[in-house]
There are 2 protein chains.
Amino acid sequence: MTPSPRSGARGDLFDPLCPTRRLLDRIGTKWTSMAVKVLASAAPGELRFAELQRRMPGVSQKMLSVTLRNLARDGLVVRRVEPTVPPRVHYRLTDLGLSLEEVLAAVRDWAEEHMAEIDASGAG
Amino acid sequence: MTPSPRSGARGDLFDPLCPTRRLLDRIGTKWTSMAVKVLASAAPGELRFAELQRRMPGVSQKMLSVTLRNLARDGLVVRRVEPTVPPRVHYRLTDLGLSLEEVLAAVRDWAEEHMAEIDASGAG
DNA sequence: CAGCATCCTATGCGATACTG
DNA sequence: CAGTATCGCATAGGATGCTG
């Protein structure tokens, strides 16, 4: 594959621009993985802003907004606005977003299978 | 599976104690995934502190120390001290750590395959 | 309804200095 | 050698208020 100009060299986890580093920075933020999961559960359908917030207990309007904006900027989510008053805004995962969800599902599976062992090791 | 007392309910990504949330908090920190990868590359052998630092360009003594302490606390890494003067401290991945590396490898694969598309979407 | 702007706090993290 | 202790900065993110 050809790395993008912004990306570090393939496999170079030690480059600050390394894809893995940047991906972890994204999915490591508090609400991203949750938003992707919720949107994936509705795919290929869409969800409106308020509906997303309802399905993501605890998220503030600001952080949901920021999270969705970042996901849209990254091409993982499509934002569709109905020009009504008041406006209705709909979000759905792109194919890229759906493929990310598969990775996140693997992370979830690992966590649910092994987190008890981590706790048993004396974690707080 | 039986969730640990500390863990949230299985599949409940919305519980702050949810395994996935807590795992992402861990692997999302700056040096964790790099340390796991480096240790995995040496598995089943061990690496000393200084050798780890050498293979992780940019990491400070403090952050490597913190990262390794957290990994050891979580049961992902074993710390072995030779009681010499000066001391030699060796680190190796546990089986649990090795299984986490598989998940991280999947994350890396996705990143290296798709990060160019994310960049192409107008990300900064 | 779906946001953006502002303020504030908590925390990750780097730099530096010290120790058994 | 392999840490620990302390300081300071940058940023994630929560609370609140305003707007088209």
# chains A, B, ... in the order shown; residues from 1 in each chain; ligands from 1

call {"tool": "closest_atom_pairs", "arguments": {"of": "chain B", "to": "chain D", "cutoff": "7 Å", "atoms": "only C-alpha atoms (C1' of nucleotides)", "output": "tab-separated table"}}
result
residue	atom	partner	partner_atom	distance
B:Pro86	CA	D:DC1	C1'	5.4
B:Pro87	CA	D:DC1	C1'	6.0
B:Arg88	CA	D:DC1	C1'	6.6

call {"tool": "write_last_selection", "arguments": {"atoms": "C-alpha atoms", "output": "CSV table (one decimal), in the first residue's frame"}}
result
chain,number,residue,atom,x,y,z
B,86,PRO,CA,23.3,-2.2,40.3
B,87,PRO,CA,20.0,-4.1,39.9
B,88,ARG,CA,18.9,-5.6,36.6

call {"tool": "interface_residues", "arguments": {"of": "chain B", "to": "chain A", "cutoff": "6 Å", "atoms": "only C-alpha atoms", "output": "list of chain:residue names"}}
result
B:Ser4, B:Pro19, B:Thr20, B:Leu24, B:Gly28, B:Arg73, B:Asp74, B:Gly75, B:Arg108, B:Ala111, B:Glu112, B:Met115, B:Ala116, B:Ile118, B:Ser121, B:Ala123

call {"tool": "interface_residues", "arguments": {"of": "chain C", "to": "chain A", "cutoff": "9 Å", "atoms": "only C-alpha atoms (C1' of nucleotides)", "output": "ChimeraX atom specification"}}
result
/C:1-4

call {"tool": "write_last_selection", "arguments": {"atoms": "N, CA, C and O atoms (P, O5', C5', C4', C3', O3' and C1' of nucleotides)", "output": "PDB file, in the first residue's frame"}}
result
ATOM      1  P    DC C   1     -36.336  19.357  20.726  1.00  0.00           P
ATOM      2  O5'  DC C   1     -35.566  19.665  19.381  1.00  0.00           O
ATOM      3  C5'  DC C   1     -36.025  19.081  18.190  1.00  0.00           C
ATOM      4  C4'  DC C   1     -34.959  19.309  17.139  1.00  0.00           C
ATOM      5  C3'  DC C   1     -33.636  18.622  17.460  1.00  0.00           C
ATOM      6  O3'  DC C   1     -33.130  18.097  16.232  1.00  0.00           O
ATOM      7  C1'  DC C   1     -33.300  20.977  17.336  1.00  0.00           C
ATOM      8  P    DA C   2     -31.898  17.040  16.293  1.00  0.00           P
ATOM      9  O5'  DA C   2     -30.629  18.000  16.155  1.00  0.00           O
ATOM     10  C5'  DA C   2     -30.498  18.764  14.975  1.00  0.00           C
ATOM     11  C4'  DA C   2     -29.390  19.767  15.123  1.00  0.00           C
ATOM     12  C3'  DA C   2     -28.052  19.207  15.634  1.00  0.00           C
ATOM     13  O3'  DA C   2     -26.991  19.697  14.840  1.00  0.00           O
ATOM     14  C1'  DA C   2     -28.669  21.057  16.906  1.00  0.00           C
ATOM     15  P    DG C   3     -25.550  19.054  14.923  1.00  0.00           P
ATOM     16  O5'  DG C   3     -25.043  19.389  16.427  1.00  0.00           O
ATOM     17  C5'  DG C   3     -23.848  20.056  16.576  1.00  0.00           C
ATOM     18  C4'  DG C   3     -24.055  21.565  16.531  1.00  0.00           C
ATOM     19  C3'  DG C   3     -23.117  22.336  17.465  1.00  0.00           C
ATOM     20  O3'  DG C   3     -21.766  22.326  17.072  1.00  0.00           O
ATOM     21  C1'  DG C   3     -25.294  23.216  17.567  1.00  0.00           C
ATOM     22  P    DC C   4     -21.161  23.023  15.746  1.00  0.00           P
ATOM     23  O5'  DC C   4     -20.704  24.419  16.358  1.00  0.00           O
ATOM     24  C5'  DC C   4     -21.103  25.624  15.721  1.00  0.00           C
ATOM     25  C4'  DC C   4     -20.975  26.800  16.685  1.00  0.00           C
ATOM     26  C3'  DC C   4     -19.562  26.972  17.267  1.00  0.00           C
ATOM     27  O3'  DC C   4     -19.223  28.362  17.201  1.00  0.00           O
ATOM     28  C1'  DC C   4     -21.149  26.833  19.024  1.00  0.00           C
TER      29       DC C   4
END

call {"tool": "calpha_fit_and_write", "arguments": {"fixed": "chain B", "moving": "chain A", "output": "CSV table (one decimal) with C-alpha atoms, in the first residue's frame"}}
result
chain,number,residue,atom,x,y,z
A,1,MET,CA,-18.6,-15.4,31.4
A,2,THR,CA,-18.7,-14.0,34.8
A,3,PRO,CA,-17.9,-10.3,35.1
A,4,SER,CA,-15.6,-9.3,37.8
A,5,PRO,CA,-17.0,-7.2,40.6
A,6,ARG,CA,-15.2,-4.2,39.3
A,7,SER,CA,-16.5,-4.6,35.7
A,8,GLY,CA,-19.7,-3.2,34.4
A,9,ALA,CA,-22.2,-5.5,32.8
A,10,ARG,CA,-21.1,-7.4,29.7
A,11,GLY,CA,-21.7,-5.4,26.5
A,12,ASP,CA,-22.7,-2.3,28.4
A,13,LEU,CA,-20.4,0.2,26.8
A,14,PHE,CA,-22.3,3.0,28.6
A,15,ASP,CA,-21.3,1.9,32.0
A,16,PRO,CA,-18.2,3.9,33.1
A,17,LEU,CA,-16.8,0.7,34.5
A,18,CYS,CA,-17.4,-1.1,31.2
A,19,PRO,CA,-14.5,-3.3,30.2
A,20,THR,CA,-14.2,-1.8,26.8
A,21,ARG,CA,-14.1,1.7,28.1
A,22,ARG,CA,-11.4,0.7,30.6
A,23,LEU,CA,-9.4,-1.2,28.0
A,24,LEU,CA,-9.5,1.7,25.6
A,25,ASP,CA,-8.3,4.0,28.4
A,26,ARG,CA,-5.3,1.7,28.9
A,27,ILE,CA,-4.3,1.1,25.3
A,28,GLY,CA,-5.1,4.7,24.4
A,29,THR,CA,-2.3,6.0,26.6
A,30,LYS,CA,0.7,7.1,24.6
A,31,TRP,CA,3.2,4.4,25.3
A,32,THR,CA,1.2,1.3,26.2
A,33,SER,CA,0.7,-0.2,22.7
A,34,MET,CA,4.3,0.5,21.8
A,35,ALA,CA,5.6,-1.2,24.9
A,36,VAL,CA,3.4,-4.2,24.2
A,37,LYS,CA,4.6,-4.5,20.6
A,38,VAL,CA,8.2,-4.2,21.6
A,39,LEU,CA,7.9,-6.8,24.3
A,40,ALA,CA,5.9,-9.1,22.0
A,41,SER,CA,8.7,-8.8,19.4
A,42,ALA,CA,11.1,-10.2,22.0
A,43,ALA,CA,8.7,-12.9,23.4
A,44,PRO,CA,9.1,-15.3,24.9
A,45,GLY,CA,12.3,-13.5,25.9
A,46,GLU,CA,12.7,-10.6,28.2
A,47,LEU,CA,13.9,-7.0,27.8
A,48,ARG,CA,15.6,-4.8,30.3
A,49,PHE,CA,14.5,-1.3,31.2
A,50,ALA,CA,17.2,0.4,29.3
A,51,GLU,CA,16.8,-1.8,26.3
A,52,LEU,CA,13.1,-1.1,26.2
A,53,GLN,CA,13.8,2.6,26.4
A,54,ARG,CA,16.3,2.3,23.5
A,55,ARG,CA,13.6,0.6,21.4
A,56,MET,CA,11.0,3.2,22.2
A,57,PRO,CA,12.4,6.4,20.9
A,58,GLY,CA,11.0,9.5,22.6
A,59,VAL,CA,9.8,7.8,25.7
A,60,SER,CA,10.9,9.5,28.9
A,61,GLN,CA,12.2,7.5,31.9
A,62,LYS,CA,9.2,8.5,33.9
A,63,MET,CA,6.6,7.5,31.3
A,64,LEU,CA,8.3,4.2,30.6
A,65,SER,CA,8.3,3.5,34.3
A,66,VAL,CA,4.7,4.4,34.6
A,67,THR,CA,3.7,2.4,31.6
A,68,LEU,CA,5.5,-0.7,32.7
A,69,ARG,CA,4.2,-0.4,36.2
A,70,ASN,CA,0.6,-0.3,34.9
A,71,LEU,CA,1.2,-3.2,32.6
A,72,ALA,CA,2.6,-5.2,35.4
A,73,ARG,CA,-0.3,-4.3,37.7
A,74,ASP,CA,-2.7,-5.4,35.0
A,75,GLY,CA,-1.0,-8.8,34.7
A,76,LEU,CA,0.1,-8.1,31.1
A,77,VAL,CA,3.8,-7.9,31.9
A,78,VAL,CA,6.0,-9.7,34.4
A,79,ARG,CA,8.8,-7.7,36.2
A,80,ARG,CA,11.8,-9.7,37.3
A,81,VAL,CA,14.6,-8.1,39.3
A,82,GLU,CA,18.1,-9.5,39.6
A,83,PRO,CA,19.3,-8.4,43.1
A,84,THR,CA,22.7,-7.3,41.9
A,85,VAL,CA,24.4,-3.9,42.3
A,86,PRO,CA,23.4,-2.1,40.2
A,87,PRO,CA,20.1,-4.0,39.8
A,88,ARG,CA,19.0,-5.5,36.5
A,89,VAL,CA,15.3,-5.5,35.8
A,90,HIS,CA,13.7,-7.6,33.1
A,91,TYR,CA,10.3,-7.4,31.6
A,92,ARG,CA,8.3,-10.0,29.6
A,93,LEU,CA,4.8,-10.3,28.3
A,94,THR,CA,2.5,-12.8,30.0
A,95,ASP,CA,0.1,-15.0,28.0
A,96,LEU,CA,-2.5,-12.3,28.7
A,97,GLY,CA,-0.2,-9.7,27.3
A,98,LEU,CA,0.5,-11.8,24.3
A,99,SER,CA,-3.2,-12.2,23.6
A,100,LEU,CA,-3.7,-8.4,23.9
A,101,GLU,CA,-0.9,-8.0,21.4
A,102,GLU,CA,-3.1,-9.9,18.9
A,103,VAL,CA,-5.9,-7.4,19.3
A,104,LEU,CA,-3.4,-4.5,19.0
A,105,ALA,CA,-2.0,-6.1,15.8
A,106,ALA,CA,-5.5,-6.0,14.4
A,107,VAL,CA,-5.8,-2.3,15.2
A,108,ARG,CA,-2.4,-1.7,13.6
A,109,ASP,CA,-3.4,-3.6,10.5
A,110,TRP,CA,-6.6,-1.6,10.2
A,111,ALA,CA,-4.7,1.7,10.7
A,112,GLU,CA,-2.0,0.9,8.1
A,113,GLU,CA,-4.6,-0.2,5.6
A,114,HIS,CA,-7.1,2.6,6.1
A,115,MET,CA,-5.3,5.6,7.6
A,116,ALA,CA,-4.6,7.0,4.1
A,117,GLU,CA,-8.4,7.1,3.5
A,118,ILE,CA,-8.8,9.0,6.7
A,119,ASP,CA,-6.2,11.5,5.7
A,120,ALA,CA,-7.7,11.8,2.3
A,121,SER,CA,-11.0,12.9,4.0
A,122,GLY,CA,-9.4,16.2,4.9
A,123,ALA,CA,-8.0,15.4,8.4
A,124,GLY,CA,-5.3,17.5,9.8
